[in-house]
file input_0.cif (mmCIF, C-alpha atoms)
data_input
#
loop_
_atom_site.label_atom_id
_atom_site.label_comp_id
_atom_site.auth_asym_id
_atom_site.auth_seq_id
_atom_site.Cartn_x
_atom_site.Cartn_y
_atom_site.Cartn_z
CA MET A 115 32.27 24.11 4.18
CA LYS A 116 34.11 20.85 4.66
CA VAL A 117 35.32 19.74 1.22
CA ILE A 118 37.02 16.45 0.39
CA VAL A 119 39.41 16.85 -2.55
CA ILE A 120 40.41 13.58 -4.20
CA GLY A 121 43.57 13.60 -6.27
CA ALA A 122 44.88 16.44 -4.13
CA THR A 123 48.51 15.73 -4.99
CA GLY A 124 47.99 16.16 -8.73
CA THR A 125 48.55 19.35 -10.70
CA ILE A 126 44.90 20.37 -10.76
CA GLY A 127 43.92 18.77 -7.44
CA ALA A 128 46.62 20.64 -5.52
CA ALA A 129 45.51 23.93 -7.06
CA VAL A 130 41.87 23.17 -6.20
CA ALA A 131 42.74 22.29 -2.60
CA SER A 132 44.73 25.53 -2.24
CA ALA A 133 41.98 27.63 -3.79
CA LEU A 134 39.32 26.15 -1.49
CA ALA A 135 41.54 26.55 1.58
CA GLY A 136 42.19 30.13 0.56
CA LYS A 137 38.46 30.74 0.71
CA GLN A 138 38.29 29.49 4.31
CA HIS A 139 36.89 26.07 3.51
CA GLU A 140 38.06 23.07 5.54
CA VAL A 141 39.82 20.86 2.99
CA VAL A 142 40.44 17.14 3.37
CA ARG A 143 43.22 16.33 0.92
CA ALA A 144 42.85 12.75 -0.26
CA SER A 145 44.95 10.77 -2.70
CA ARG A 146 46.34 7.31 -3.33
CA ASN A 147 49.43 7.95 -1.25
CA GLY A 148 48.58 10.82 1.09
CA ALA A 149 47.46 10.96 4.71
CA ALA A 150 43.81 10.54 3.67
CA LYS A 151 44.13 7.52 1.39
CA VAL A 152 41.70 6.71 -1.41
CA ASP A 153 41.79 4.85 -4.71
CA ILE A 154 38.65 5.60 -6.73
CA GLU A 155 38.96 2.18 -8.37
CA ASP A 156 38.38 0.58 -4.97
CA GLN A 157 34.94 1.40 -3.56
CA ALA A 158 35.91 0.21 -0.07
CA THR A 159 38.56 2.94 0.12
CA ILE A 160 36.00 5.56 -0.95
CA ARG A 161 33.62 4.47 1.82
CA ALA A 162 36.49 4.46 4.31
CA LEU A 163 37.46 7.98 3.27
CA PHE A 164 33.96 9.35 3.92
CA ALA A 165 33.82 7.51 7.25
CA ALA A 166 37.19 8.93 8.33
CA ALA A 167 36.48 12.46 7.11
CA GLY A 168 33.14 12.73 8.88
CA PRO A 169 30.13 14.68 7.58
CA ALA A 170 31.22 16.71 4.55
CA ASP A 171 29.51 19.35 2.43
CA ALA A 172 31.25 18.61 -0.82
CA VAL A 173 33.54 16.23 -2.62
CA VAL A 174 35.71 17.18 -5.57
CA SER A 175 37.41 14.60 -7.73
CA CYS A 176 40.52 15.53 -9.69
CA ALA A 177 41.43 11.87 -10.00
CA GLY A 178 41.35 9.23 -12.69
CA SER A 179 43.45 8.23 -15.64
CA ALA A 180 42.87 7.09 -19.22
CA VAL A 181 45.23 6.11 -22.03
CA PHE A 182 46.25 8.48 -24.84
CA LYS A 183 47.45 6.39 -27.78
CA PRO A 184 46.82 6.10 -31.54
CA PHE A 185 43.48 4.45 -32.32
CA ALA A 186 45.11 1.55 -34.17
CA GLN A 187 47.31 0.76 -31.15
CA LEU A 188 44.69 0.97 -28.37
CA THR A 189 44.19 -2.44 -26.77
CA ASP A 190 41.34 -3.81 -24.68
CA ALA A 191 43.55 -3.20 -21.64
CA ASP A 192 44.09 0.43 -22.64
CA TYR A 193 40.34 1.06 -22.83
CA ALA A 194 39.89 -0.74 -19.50
CA VAL A 195 42.23 1.71 -17.75
CA GLY A 196 39.97 4.66 -18.50
CA LEU A 197 36.75 2.73 -17.93
CA ASN A 198 37.85 1.49 -14.50
CA SER A 199 39.63 4.65 -13.37
CA LYS A 200 38.42 8.01 -14.70
CA LEU A 201 34.94 6.84 -15.74
CA MET A 202 33.60 4.22 -13.33
CA GLY A 203 35.92 5.31 -10.50
CA GLN A 204 34.30 8.74 -10.53
CA VAL A 205 30.84 7.21 -11.02
CA ALA A 206 31.43 5.04 -7.94
CA LEU A 207 32.52 8.13 -6.02
CA ALA A 208 29.32 9.94 -7.01
CA ARG A 209 27.12 7.00 -6.06
CA ILE A 210 28.73 6.70 -2.63
CA ALA A 211 28.83 10.45 -2.07
CA ALA A 212 25.09 10.62 -2.78
CA ASN A 213 24.60 8.61 0.40
CA GLN A 214 27.34 10.22 2.49
CA LEU A 215 27.33 13.97 1.89
CA LYS A 216 25.30 16.35 4.03
CA ASP A 217 21.95 17.59 2.69
CA GLY A 218 22.47 20.18 -0.03
CA GLY A 219 26.02 19.01 -0.62
CA SER A 220 27.81 18.85 -3.93
CA ILE A 221 29.77 16.41 -6.05
CA THR A 222 32.23 17.83 -8.59
CA LEU A 223 33.93 15.46 -11.02
CA THR A 224 36.55 15.98 -13.72
CA THR A 225 35.97 15.47 -17.42
CA GLY A 226 38.06 17.20 -20.10
CA ILE A 227 38.05 19.09 -23.35
CA LEU A 228 38.61 15.91 -25.40
CA ALA A 229 35.02 14.81 -24.68
CA MET A 230 33.68 17.22 -27.26
CA ARG A 231 36.90 18.26 -29.03
CA PRO A 232 38.83 15.09 -29.83
CA MET A 233 42.26 14.85 -31.37
CA PRO A 234 44.20 11.94 -32.87
CA GLY A 235 45.08 9.60 -29.99
CA SER A 236 42.13 10.55 -27.83
CA ALA A 237 39.60 7.80 -28.69
CA ALA A 238 39.76 6.12 -25.26
CA ILE A 239 39.90 9.43 -23.36
CA SER A 240 37.12 11.01 -25.41
CA LEU A 241 34.93 7.96 -24.71
CA VAL A 242 35.60 8.20 -20.98
CA ASN A 243 35.11 11.95 -20.70
CA ALA A 244 31.95 12.02 -22.81
CA GLY A 245 30.53 9.06 -20.89
CA LEU A 246 31.16 10.83 -17.60
CA GLU A 247 29.39 13.93 -18.93
CA GLY A 248 26.37 11.85 -19.92
CA PHE A 249 26.31 10.35 -16.45
CA VAL A 250 26.49 13.74 -14.74
CA ARG A 251 23.67 15.23 -16.79
CA ALA A 252 21.46 12.23 -15.99
CA ALA A 253 22.36 11.66 -12.32
CA ALA A 254 21.61 15.34 -11.60
CA LEU A 255 17.94 14.62 -12.31
CA GLU A 256 17.69 12.09 -9.51
CA LEU A 257 19.99 13.09 -6.67
CA PRO A 258 18.15 13.19 -3.34
CA ARG A 259 18.39 15.74 -0.51
CA ARG A 260 19.12 18.79 -2.71
CA LEU A 261 22.51 17.31 -3.61
CA ARG A 262 24.18 18.71 -6.72
CA ILE A 263 26.53 17.10 -9.25
CA ASN A 264 28.62 18.78 -11.94
CA ALA A 265 31.76 18.08 -13.92
CA VAL A 266 34.55 20.53 -14.64
CA SER A 267 36.07 20.25 -18.10
CA PRO A 268 39.65 21.51 -18.01
CA PRO A 269 41.40 22.50 -21.21
CA TRP A 270 45.10 21.70 -21.56
CA VAL A 271 46.79 22.81 -18.35
CA LYS A 272 49.90 24.96 -18.61
CA GLU A 273 51.88 23.14 -15.90
CA THR A 274 51.19 19.76 -17.51
CA MET A 275 52.27 21.02 -20.91
CA VAL A 276 55.53 22.31 -19.47
CA LYS A 277 56.16 18.84 -18.00
CA LEU A 278 55.42 17.29 -21.40
CA ARG A 279 57.63 19.92 -23.11
CA MET A 280 54.59 20.99 -25.14
CA ASP A 281 54.58 24.44 -23.59
CA THR A 282 54.68 26.25 -26.89
CA ALA A 283 50.96 25.47 -27.15
CA PRO A 284 48.51 27.58 -25.16
CA GLY A 285 47.34 26.26 -21.81
CA LEU A 286 45.37 27.42 -18.81
CA ALA A 287 47.22 27.73 -15.47
CA ALA A 288 46.08 25.20 -12.85
CA ALA A 289 45.22 28.10 -10.51
CA ASP A 290 42.76 29.37 -13.12
CA VAL A 291 41.32 25.89 -13.72
CA ALA A 292 40.77 25.67 -9.96
CA LYS A 293 38.39 28.63 -10.11
CA ALA A 294 35.89 26.47 -12.02
CA TYR A 295 35.92 23.88 -9.23
CA VAL A 296 35.44 26.55 -6.57
CA ALA A 297 32.48 27.90 -8.54
CA ALA A 298 30.99 24.41 -8.73
CA VAL A 299 31.34 23.93 -4.96
CA GLU A 300 30.13 27.38 -3.91
CA GLY A 301 27.50 27.95 -6.60
CA THR A 302 24.11 26.51 -7.48
CA MET A 303 24.98 24.70 -10.73
CA GLN A 304 23.34 21.32 -11.25
CA GLY A 305 24.08 18.73 -13.95
CA GLU A 306 26.39 21.10 -15.76
CA ILE A 307 29.61 20.54 -17.67
CA ILE A 308 31.64 23.55 -16.62
CA GLU A 309 34.23 24.66 -19.14
CA ALA A 310 37.20 25.74 -17.06
CA ALA A 311 38.59 27.77 -19.95
CA LYS A 312 35.83 30.31 -19.25
CA PHE A 313 37.39 30.98 -15.83
CA ARG A 314 40.69 32.33 -17.22
CA GLY A 315 41.80 34.93 -14.69
CA MET B 212 27.12 -2.29 -51.54
CA LYS B 213 27.43 -5.28 -49.27
CA VAL B 214 26.22 -4.19 -45.82
CA ILE B 215 26.38 -6.25 -42.64
CA VAL B 216 23.53 -5.32 -40.27
CA ILE B 217 24.05 -6.45 -36.69
CA GLY B 218 20.97 -6.72 -34.51
CA ALA B 219 18.90 -7.38 -37.62
CA THR B 220 16.10 -9.08 -35.71
CA GLY B 221 15.45 -6.06 -33.48
CA THR B 222 12.85 -3.38 -34.09
CA ILE B 223 15.28 -0.87 -35.58
CA GLY B 224 17.67 -3.43 -37.08
CA ALA B 225 14.94 -5.17 -39.06
CA ALA B 226 13.76 -1.83 -40.44
CA VAL B 227 17.34 -0.87 -41.38
CA ALA B 228 17.93 -4.22 -43.13
CA SER B 229 14.67 -3.82 -45.09
CA ALA B 230 15.45 -0.24 -46.04
CA LEU B 231 18.93 -1.13 -47.28
CA ALA B 232 17.65 -4.17 -49.20
CA GLY B 233 14.96 -1.96 -50.75
CA LYS B 234 17.75 0.22 -52.14
CA GLN B 235 19.38 -2.77 -53.85
CA HIS B 236 22.15 -3.28 -51.31
CA GLU B 237 23.25 -6.80 -50.48
CA VAL B 238 22.37 -7.16 -46.78
CA VAL B 239 23.92 -9.69 -44.40
CA ARG B 240 21.48 -9.94 -41.48
CA ALA B 241 23.41 -10.82 -38.33
CA SER B 242 22.16 -11.32 -34.80
CA ARG B 243 22.70 -13.43 -31.73
CA ASN B 244 20.33 -16.14 -32.91
CA GLY B 245 20.05 -15.76 -36.67
CA ALA B 246 21.76 -17.54 -39.57
CA ALA B 247 24.72 -15.10 -39.40
CA LYS B 248 25.51 -15.32 -35.70
CA VAL B 249 27.27 -12.58 -33.75
CA ASP B 250 27.40 -11.37 -30.16
CA ILE B 251 29.09 -7.97 -29.96
CA GLU B 252 30.27 -8.81 -26.44
CA ASP B 253 32.38 -11.63 -27.89
CA GLN B 254 35.09 -10.33 -30.24
CA ALA B 255 35.73 -13.80 -31.67
CA THR B 256 32.17 -13.90 -33.03
CA ILE B 257 32.64 -10.46 -34.62
CA ARG B 258 35.79 -11.63 -36.39
CA ALA B 259 34.05 -14.82 -37.47
CA LEU B 260 31.14 -12.81 -38.88
CA PHE B 261 33.44 -10.69 -41.06
CA ALA B 262 35.30 -13.81 -42.20
CA ALA B 263 32.07 -15.58 -43.13
CA ALA B 264 30.49 -12.54 -44.81
CA GLY B 265 33.49 -11.83 -47.03
CA PRO B 266 34.62 -8.35 -48.11
CA ALA B 267 31.94 -5.83 -47.09
CA ASP B 268 31.47 -2.14 -47.75
CA ALA B 269 29.67 -1.26 -44.57
CA VAL B 270 28.64 -2.50 -41.18
CA VAL B 271 25.66 -1.17 -39.24
CA SER B 272 25.13 -1.96 -35.57
CA CYS B 273 21.64 -1.80 -34.10
CA ALA B 274 22.76 -3.98 -31.21
CA GLY B 275 23.58 -3.52 -27.57
CA SER B 276 21.70 -3.14 -24.33
CA ALA B 277 21.93 -1.03 -21.17
CA VAL B 278 19.88 -0.89 -17.99
CA PHE B 279 17.15 1.69 -17.36
CA LYS B 280 16.58 1.94 -13.61
CA PRO B 281 16.37 4.65 -10.91
CA PHE B 282 19.80 6.07 -10.03
CA ALA B 283 19.56 4.94 -6.41
CA GLN B 284 18.89 1.35 -7.49
CA LEU B 285 21.56 0.97 -10.19
CA THR B 286 24.14 -1.62 -9.16
CA ASP B 287 27.68 -2.23 -10.37
CA ALA B 288 26.26 -5.11 -12.41
CA ASP B 289 23.67 -2.84 -14.02
CA TYR B 290 26.35 -0.40 -15.17
CA ALA B 291 28.45 -3.34 -16.41
CA VAL B 292 25.65 -4.47 -18.75
CA GLY B 293 25.77 -1.25 -20.72
CA LEU B 294 29.55 -0.94 -20.58
CA ASN B 295 30.10 -4.46 -21.90
CA SER B 296 27.25 -4.51 -24.41
CA LYS B 297 26.16 -1.24 -26.01
CA LEU B 298 29.37 0.69 -25.30
CA MET B 299 32.40 -1.60 -25.55
CA GLY B 300 30.60 -4.14 -27.74
CA GLN B 301 30.10 -1.49 -30.39
CA VAL B 302 33.62 -0.12 -29.83
CA ALA B 303 34.99 -3.62 -30.40
CA LEU B 304 32.94 -3.89 -33.57
CA ALA B 305 34.36 -0.59 -34.83
CA ARG B 306 37.94 -1.60 -34.03
CA ILE B 307 37.57 -4.91 -35.87
CA ALA B 308 35.64 -3.38 -38.77
CA ALA B 309 38.43 -0.85 -39.25
CA ASN B 310 40.65 -3.77 -40.26
CA GLN B 311 38.05 -5.79 -42.17
CA LEU B 312 35.94 -3.42 -44.28
CA LYS B 313 36.85 -2.56 -47.85
CA ASP B 314 38.62 0.75 -48.52
CA GLY B 315 36.21 3.65 -48.22
CA GLY B 316 33.76 1.56 -46.20
CA SER B 317 31.63 2.77 -43.34
CA ILE B 318 30.81 1.89 -39.76
CA THR B 319 27.45 3.04 -38.35
CA LEU B 320 26.76 2.53 -34.66
CA THR B 321 23.71 3.23 -32.49
CA THR B 322 23.59 5.75 -29.68
CA GLY B 323 20.34 7.36 -28.48
CA ILE B 324 18.59 10.52 -27.46
CA LEU B 325 19.34 9.95 -23.75
CA ALA B 326 23.02 10.78 -24.36
CA MET B 327 22.23 14.47 -24.46
CA ARG B 328 18.65 14.51 -23.16
CA PRO B 329 18.56 12.38 -20.02
CA MET B 330 15.53 11.49 -17.97
CA PRO B 331 15.13 9.97 -14.51
CA GLY B 332 16.30 6.34 -14.75
CA SER B 333 18.73 6.93 -17.61
CA ALA B 334 22.04 7.42 -15.75
CA ALA B 335 23.60 4.17 -17.00
CA ILE B 336 22.18 4.53 -20.51
CA SER B 337 23.14 8.20 -20.78
CA LEU B 338 26.69 7.30 -19.73
CA VAL B 339 26.89 4.56 -22.37
CA ASN B 340 25.38 6.58 -25.21
CA ALA B 341 27.43 9.70 -24.49
CA GLY B 342 30.61 7.62 -24.20
CA LEU B 343 29.92 6.01 -27.55
CA GLU B 344 29.42 9.44 -29.11
CA GLY B 345 32.75 10.62 -27.71
CA PHE B 346 34.41 7.54 -29.17
CA VAL B 347 32.86 8.05 -32.61
CA ARG B 348 33.91 11.71 -32.82
CA ALA B 349 37.48 10.76 -31.88
CA ALA B 350 37.90 7.54 -33.88
CA ALA B 351 36.74 9.35 -37.02
CA LEU B 352 39.94 11.41 -36.90
CA GLU B 353 42.15 8.34 -37.22
CA LEU B 354 40.40 5.73 -39.36
CA PRO B 355 42.64 4.51 -42.18
CA ARG B 356 41.76 3.82 -45.85
CA ARG B 357 39.04 6.49 -46.18
CA LEU B 358 36.84 4.55 -43.76
CA ARG B 359 34.01 6.47 -42.12
CA ILE B 360 32.35 6.10 -38.72
CA ASN B 361 29.13 7.68 -37.47
CA ALA B 362 26.47 6.99 -34.87
CA VAL B 363 22.73 7.27 -35.36
CA SER B 364 20.81 8.66 -32.39
CA PRO B 365 17.25 7.36 -32.46
CA PRO B 366 14.54 9.09 -30.46
CA TRP B 367 11.86 6.96 -28.83
CA VAL B 368 10.66 4.47 -31.44
CA LYS B 369 6.92 4.13 -31.98
CA GLU B 370 6.90 0.31 -32.21
CA THR B 371 8.88 0.00 -28.96
CA MET B 372 6.54 2.36 -27.15
CA VAL B 373 3.53 0.33 -28.27
CA LYS B 374 5.21 -2.79 -26.84
CA LEU B 375 5.83 -0.93 -23.59
CA ARG B 376 2.23 0.42 -23.63
CA MET B 377 3.69 3.93 -23.62
CA ASP B 378 2.24 4.71 -27.03
CA THR B 379 0.40 7.78 -25.90
CA ALA B 380 3.78 9.54 -26.04
CA PRO B 381 5.14 10.62 -29.41
CA GLY B 382 7.59 8.30 -31.16
CA LEU B 383 9.28 7.92 -34.54
CA ALA B 384 8.39 4.88 -36.65
CA ALA B 385 11.26 2.41 -37.08
CA ALA B 386 10.98 2.80 -40.86
CA ASP B 387 11.71 6.51 -40.45
CA VAL B 388 14.58 5.87 -38.04
CA ALA B 389 16.03 3.51 -40.67
CA LYS B 390 16.38 6.43 -43.09
CA ALA B 391 19.10 7.89 -40.89
CA TYR B 392 21.10 4.66 -41.10
CA VAL B 393 20.71 4.52 -44.89
CA ALA B 394 21.96 8.10 -45.09
CA ALA B 395 24.98 7.19 -42.95
CA VAL B 396 25.81 4.23 -45.20
CA GLU B 397 25.25 5.96 -48.54
CA GLY B 398 26.47 9.45 -47.65
CA THR B 399 29.78 11.07 -46.84
CA MET B 400 29.25 11.85 -43.16
CA GLN B 401 32.25 11.32 -40.88
CA GLY B 402 32.39 11.39 -37.08
CA GLU B 403 28.81 12.63 -36.86
CA ILE B 404 26.04 11.92 -34.38
CA ILE B 405 23.05 11.70 -36.68
CA GLU B 406 19.75 12.59 -35.04
CA ALA B 407 17.24 10.21 -36.54
CA ALA B 408 14.36 12.48 -35.56
CA LYS B 409 15.45 14.78 -38.41
CA PHE B 410 14.63 12.03 -40.90
CA ARG B 411 10.90 11.90 -40.08
CA GLY B 412 9.25 10.99 -43.36
#

call {"tool": "encode", "arguments": {"input": "input_0.cif", "output": "structure tokens"}}
result
Amino acid sequence: MKVIVIGATGTIGAAVASALAGKQHEVVRASRNGAAKVDIEDQATIRALFAAAGPADAVVSCAGSAVFKPFAQLTDADYAVGLNSKLMGQVALARIAANQLKDGGSITLTTGILAMRPMPGSAAISLVNAGLEGFVRAAALELPRRLRINAVSPPWVKETMVKLRMDTAPGLAAADVAKAYVAAVEGTMQGEIIEAAKFRG
Amino acid sequence: MKVIVIGATGTIGAAVASALAGKQHEVVRASRNGAAKVDIEDQATIRALFAAAGPADAVVSCAGSAVFKPFAQLTDADYAVGLNSKLMGQVALARIAANQLKDGGSITLTTGILAMRPMPGSAAISLVNAGLEGFVRAAALELPRRLRINAVSPPWVKETMVKLRMDTAPGLAAADVAKAYVAAVEGTMQGEIIEAAKFRG
């Protein structure tokens, strides 16, 4: 399959691109600064990416940010980051992909454990992740041409926690998280929130 | 208790205001066009409402809209309606209420059954409702001064379905839905999504 991976330079995105390539898929690695450029906050760049990549079977998004900050300190601008990027950026990707992917193709987005298991500081992120999950469940009911849409929900990722010097806490290796994305692309799941933690290798 | 009800002229809001008044609470009925004016999309009007109402024990929101339309026809502007109104309007209300309510007060917002049980046409509404639920679960972990926050999830409301001439389908009477809001105000629930259907009288 030809699979476009967005956010392919990130910790999870790079692992997903490697895992898909390792299974003989043709991978188009897209990111804000790579060879295949895309910014999910800019719909024109998403359309340009699909046009440049040519007919694809699947798109995977490991892109999008949101602000982690104490509830009392979150500003309108902080909420807007997550709304514009991780939430509506991925929604825009799904809407465009629904018109661009080949029949029977798949859209795999990224949510996160904080959607259903919040922690102090996660109000904006929990809102964004949960909203994306609601969108995925609903959009799955209406996608045309046997298209599928799912979202992978990664737990805390080991490599990220090492960077943040929080590596005393448990985390799932990015290579294991990537298995959930591969399952979403290769499988038959539809409208599901796939808990990556279940794919621990 | 003094309870501010926002959206008090709506089908559910009017029932909630009546139910609270019937239990001897002092109810401030607020809406876009009533005596106590408020538009949850305009934070200045929310602040003005709290200032005019004086110290309150609770605020209930039955306000906010979102667009129901087939996935393929939803525009950026359609998504923006729900994001600005039902989602971020209620989030703004909660953020302001967290500074304005009396110690131990409560915030009760409105989500809806489509968050977890979507149907064709609900992509934008499911996104908004699910996002609000994620916010409520997270914000509950950080509210100061023993404040509480919950969201009531109404099913289809009988009076609304009659208006829409869909009254052959089952629906819950607004007076029964209101019981869930009263329970949220008078009880000890925190960070919960309260399914109003469980309060069928």

call {"tool": "atom_distance", "arguments": {"input": "input_0.cif", "atom1": "atom CA of Arg258 of chain B", "atom2": "atom CA of Pro232 of chain A"}}
result
27.7 Å

call {"tool": "interface_residues", "arguments": {"input": "input_0.cif", "of": "chain A", "to": "chain B", "cutoff": "10 Å", "atoms": "all atoms listed in the file", "output": "mmCIF file with C-alpha atoms, keeping the file's coordinate frame"}}
result
data_model
loop_
_atom_site.group_PDB
_atom_site.id
_atom_site.type_symbol
_atom_site.label_atom_id
_atom_site.label_comp_id
_atom_site.auth_asym_id
_atom_site.auth_seq_id
_atom_site.Cartn_x
_atom_site.Cartn_y
_atom_site.Cartn_z
ATOM 1 C CA PRO A 184 46.820 6.100 -31.540
ATOM 2 C CA PHE A 185 43.480 4.450 -32.320
ATOM 3 C CA ALA A 186 45.110 1.550 -34.170
ATOM 4 C CA LEU A 188 44.690 0.970 -28.370
ATOM 5 C CA THR A 189 44.190 -2.440 -26.770
ATOM 6 C CA ASP A 190 41.340 -3.810 -24.680
ATOM 7 C CA TYR A 193 40.340 1.060 -22.830
ATOM 8 C CA ALA A 194 39.890 -0.740 -19.500
ATOM 9 C CA LEU A 197 36.750 2.730 -17.930
ATOM 10 C CA LEU A 201 34.940 6.840 -15.740
ATOM 11 C CA MET A 202 33.600 4.220 -13.330
ATOM 12 C CA VAL A 205 30.840 7.210 -11.020
ATOM 13 C CA ALA A 206 31.430 5.040 -7.940
ATOM 14 C CA ARG A 209 27.120 7.000 -6.060
ATOM 15 C CA ALA A 212 25.090 10.620 -2.780
ATOM 16 C CA ASN A 213 24.600 8.610 0.400
ATOM 17 C CA LEU A 228 38.610 15.910 -25.400
ATOM 18 C CA ALA A 229 35.020 14.810 -24.680
ATOM 19 C CA MET A 230 33.680 17.220 -27.260
ATOM 20 C CA ARG A 231 36.900 18.260 -29.030
ATOM 21 C CA PRO A 232 38.830 15.090 -29.830
ATOM 22 C CA MET A 233 42.260 14.850 -31.370
ATOM 23 C CA PRO A 234 44.200 11.940 -32.870
ATOM 24 C CA GLY A 235 45.080 9.600 -29.990
ATOM 25 C CA SER A 236 42.130 10.550 -27.830
ATOM 26 C CA ALA A 237 39.600 7.800 -28.690
ATOM 27 C CA ALA A 238 39.760 6.120 -25.260
ATOM 28 C CA ILE A 239 39.900 9.430 -23.360
ATOM 29 C CA SER A 240 37.120 11.010 -25.410
ATOM 30 C CA LEU A 241 34.930 7.960 -24.710
ATOM 31 C CA VAL A 242 35.600 8.200 -20.980
ATOM 32 C CA ASN A 243 35.110 11.950 -20.700
ATOM 33 C CA ALA A 244 31.950 12.020 -22.810
ATOM 34 C CA GLY A 245 30.530 9.060 -20.890
ATOM 35 C CA LEU A 246 31.160 10.830 -17.600
ATOM 36 C CA GLU A 247 29.390 13.930 -18.930
ATOM 37 C CA GLY A 248 26.370 11.850 -19.920
ATOM 38 C CA PHE A 249 26.310 10.350 -16.450
ATOM 39 C CA VAL A 250 26.490 13.740 -14.740
ATOM 40 C CA ARG A 251 23.670 15.230 -16.790
ATOM 41 C CA ALA A 252 21.460 12.230 -15.990
ATOM 42 C CA ALA A 253 22.360 11.660 -12.320
ATOM 43 C CA ALA A 254 21.610 15.340 -11.600
ATOM 44 C CA LEU A 255 17.940 14.620 -12.310
ATOM 45 C CA GLU A 256 17.690 12.090 -9.510
ATOM 46 C CA LEU A 257 19.990 13.090 -6.670
ATOM 47 C CA PRO A 258 18.150 13.190 -3.340
#

call {"tool": "resolve_selection", "arguments": {"input": "input_0.cif", "expression": "the PyMOL selection byres ((chain B and resi 410) around 9)", "output": "PDB file with C-alpha atoms, in the coordinates of the input"}}
result
ATOM      1  CA  ASP B 387      11.710   6.510 -40.450  1.00  0.00           C
ATOM      2  CA  VAL B 388      14.580   5.870 -38.040  1.00  0.00           C
ATOM      3  CA  ALA B 389      16.030   3.510 -40.670  1.00  0.00           C
ATOM      4  CA  LYS B 390      16.380   6.430 -43.090  1.00  0.00           C
ATOM      5  CA  ALA B 391      19.100   7.890 -40.890  1.00  0.00           C
ATOM      6  CA  GLU B 406      19.750  12.590 -35.040  1.00  0.00           C
ATOM      7  CA  ALA B 407      17.240  10.210 -36.540  1.00  0.00           C
ATOM      8  CA  ALA B 408      14.360  12.480 -35.560  1.00  0.00           C
ATOM      9  CA  LYS B 409      15.450  14.780 -38.410  1.00  0.00           C
ATOM     10  CA  ARG B 411      10.900  11.900 -40.080  1.00  0.00           C
ATOM     11  CA  GLY B 412       9.250  10.990 -43.360  1.00  0.00           C
TER      12      GLY B 412
END

call {"tool": "closest_residue", "arguments": {"input": "input_0.cif", "among": "A:Ile307, A:Ala166, A:Ile263, A:Val195", "to": "Ala208 of chain A", "atoms": "only C-alpha atoms"}}
result
A:Ile263

call {"tool": "resolve_selection", "arguments": {"input": "input_0.cif", "expression": "the PyMOL selection byres ((chain B and resi 361) around 7)", "output": "ChimeraX atom specification"}}
result
/B:318-320,347,359-360,362-363,395,401-404

call {"tool": "resolve_selection", "arguments": {"input": "input_0.cif", "expression": "the PyMOL selection byres ((chain B and resi 252) around 6)", "output": "list of chain:residue names"}}
result
B:Asp250, B:Ile251, B:Asp253, B:Ser296, B:Gly300

call {"tool": "residues_around", "arguments": {"input": "input_0.cif", "residues": "Ala133 of chain A", "least_positions_apart": "6", "cutoff": "12 Å", "atoms": "all atoms listed in the file", "output": "number ranges by chain"}}
result
A: 117, 119, 122, 126-127, 139-141, 288-297, 299-300

call {"tool": "closest_residue", "arguments": {"input": "input_0.cif", "among": "B:Met212, B:Ala288, B:Ala259, B:Ile217", "to": "Leu231 of chain B", "atoms": "all atoms listed in the file"}}
result
B:Met212

call {"tool": "atom_distance", "arguments": {"input": "input_0.cif", "atom1": "atom CA of Gly136 of chain A", "atom2": "atom CA of Gln204 of chain A"}}
result
25.4 Å

call {"tool": "residues_around", "arguments": {"input": "input_0.cif", "residues": "Gly323 of chain B", "least_positions_apart": "4", "cutoff": "7 Å", "atoms": "only C-alpha atoms", "output": "MDAnalysis selection string"}}
result
chainID B and resid 340 364:366

call {"tool": "closest_residue", "arguments": {"input": "input_0.cif", "among": "B:Thr256, B:Gln311, B:Thr220, B:Thr321", "to": "Ser276 of chain B", "atoms": "only C-alpha atoms"}}
result
B:Thr321

call {"tool": "residues_around", "arguments": {"input": "input_0.cif", "residues": "Ala287 of chain A", "least_positions_apart": "5", "cutoff": "8 Å", "atoms": "all atoms listed in the file", "output": "JSON, numbers by chain"}}
result
{"A": [271, 272, 273]}

call {"tool": "atom_distance", "arguments": {"input": "input_0.cif", "atom1": "atom CA of Thr302 of chain A", "atom2": "atom CA of Leu215 of chain A"}}
result
16.0 Å

call {"tool": "closest_residue", "arguments": {"input": "input_0.cif", "among": "A:Gly124, A:Ala211, A:Arg279, A:Ala165", "to": "Gly178 of chain A", "atoms": "only C-alpha atoms"}}
result
A:Gly124

call {"tool": "closest_residue", "arguments": {"input": "input_0.cif", "among": "A:Met303, A:Ala177, A:Ala158, A:Ile227", "to": "Arg143 of chain A", "atoms": "all atoms listed in the file"}}
result
A:Ala177

call {"tool": "closest_residue", "arguments": {"input": "input_0.cif", "among": "A:Ala129, A:Ala180, A:Met280, A:Ile118", "to": "Ile160 of chain A", "atoms": "only C-alpha atoms"}}
result
A:Ile118
